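K.L.:
Here's a structure for you.
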Amino acid sequence: RAKASFVKKIYAGLCLGFRGTPRQWRLQTIAGILLSALVLPVFVSVHSIVSWDFAVLIAVEGWHSTIFAPYFIIGAIHSGVSAVAMLMALCVWLYKLDRYIKPDHFDAIARLLIVVATTWFFFFFSNGFMLYIL
């Protein structure tokens, strides 16, 4: 909790009226689910369109494959999961948040990173295989 009245006023302005009532938490959960459902198709379409732009360009040699859309998407997920893992480690190290970020959290993010990296390697080798047989 903030002690100074100036800091309290800043926090009161930043919270935009959120007081933590059960109704507000329920609405926040619903809004989070709806926003994630809206952002996911945008995420997939942006990465797919960029990769297909590269695939149809004549000037870019070796990029003429349809495998690049899922390859770009899984690459973005891989970099995001890696960034979260690094931020978790930095928060524990710099801010001493080991009371909140437990080894179980690192284990879970490491397992997710292994799954994502394995999928990324699959697309990487699929692309190499396609270049080999063509």
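Residue numbering restarts at 1 in every chain; chains get A, B, ... in the order shown in the structure tokens, and ligands count up from 1 in that same order.
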Name the residues in contact with Thr118 of chain A at a cut-off of 12 Å, using only C-alpha atoms, excluding same-chain residues fewer than 6 positions from it; report them as a ChimeraX atom specification.

P.N.:
/A:71,74-75,78,111-112,124-125

K.L.:
So how many Å separate atom CA of Thr119 of chain A and atom CA of Leu35 of chain A, to one decimal?

P.N.:
25.9 Å

K.L.:
Separation of atom CA of Val42 of chain A and atom CA of Asn127 of chain A, in Å?

P.N.:
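Taking atom CA of Val42 of chain A and atom CA of Asn127 of chain A, their separation equals 24.4 Å.
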
K.L.:
Quick one: everything within 8 Å of Ser126 of chain A, counting only C-alpha atoms, minus sequence neighbours fewer than 4 positions away in the same chain. Send it as a ChimeraX atom specification.

P.N.:
/A:67,122,130

K.L.:
Just N, CA and C atoms for this one: save the residues we selected as a short mmCIF file (atom, residue, chain, number, x, y, z; two decimals), in the first residue's frame.

P.N.:
```cif
data_model
loop_
_atom_site.label_atom_id
_atom_site.label_comp_id
_atom_site.auth_asym_id
_atom_site.auth_seq_id
_atom_site.Cartn_x
_atom_site.Cartn_y
_atom_site.Cartn_z
N ILE A 67 5.14 -23.41 -46.33
CA ILE A 67 5.45 -23.78 -44.95
C ILE A 67 5.79 -22.56 -44.09
N PHE A 122 10.56 -28.81 -36.11
CA PHE A 122 9.83 -29.58 -37.11
C PHE A 122 9.63 -28.76 -38.38
N MET A 130 11.94 -29.90 -47.90
CA MET A 130 11.28 -29.49 -49.13
C MET A 130 12.27 -28.88 -50.12
#
```

K.L.:
From the set A:Gly128, A:Ala85, A:Val46, A:Leu90, which residue has the shortest atom-to-atom contact distance to Asp107 of chain A, counting only C-alpha atoms?

P.N.:
A:Ala85

K.L.:
Quick one: pick out all helix (DSSP H, G or I) residues within chain A from a backbone DSSP run and write them as JSON, numbers by chain.

P.N.:
{"A": [5, 6, 7, 8, 9, 10, 11, 12, 13, 14, 22, 23, 24, 25, 26, 27, 28, 29, 30, 31, 32, 33, 34, 35, 36, 37, 38, 39, 40, 41, 42, 43, 44, 45, 46, 47, 48, 49, 50, 51, 52, 53, 54, 55, 56, 68, 69, 70, 71, 72, 73, 74, 75, 76, 77, 78, 79, 80, 81, 82, 83, 84, 85, 86, 87, 88, 89, 90, 91, 92, 93, 94, 95, 103, 104, 105, 106, 107, 108, 109, 110, 111, 112, 113, 114, 115, 116, 117, 118, 119, 120, 121, 122, 123, 124, 125, 126, 127, 128, 129, 130, 131, 132, 133]}

K.L.:
For the atom pair atom CA of Ala83 of chain A and atom CA of Phe43 of chain A, what is the interatomic distance in Å to one decimal place?

P.N.:
17.0 Å

K.L.:
At a cut-off of 12 Å, using only C-alpha atoms, what residues contact Leu87 of chain A? Leave out same-chain residues fewer than 5 positions from it and give the result as a list of chain:residue names.

P.N.:
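After dropping sequence-adjacent residues, the list is A:Gly80, A:Val81, A:Ser82, A:Val92, A:Trp93, A:Leu94, A:Tyr95, A:Leu97, A:Ile101, A:Phe106, A:Ile109.
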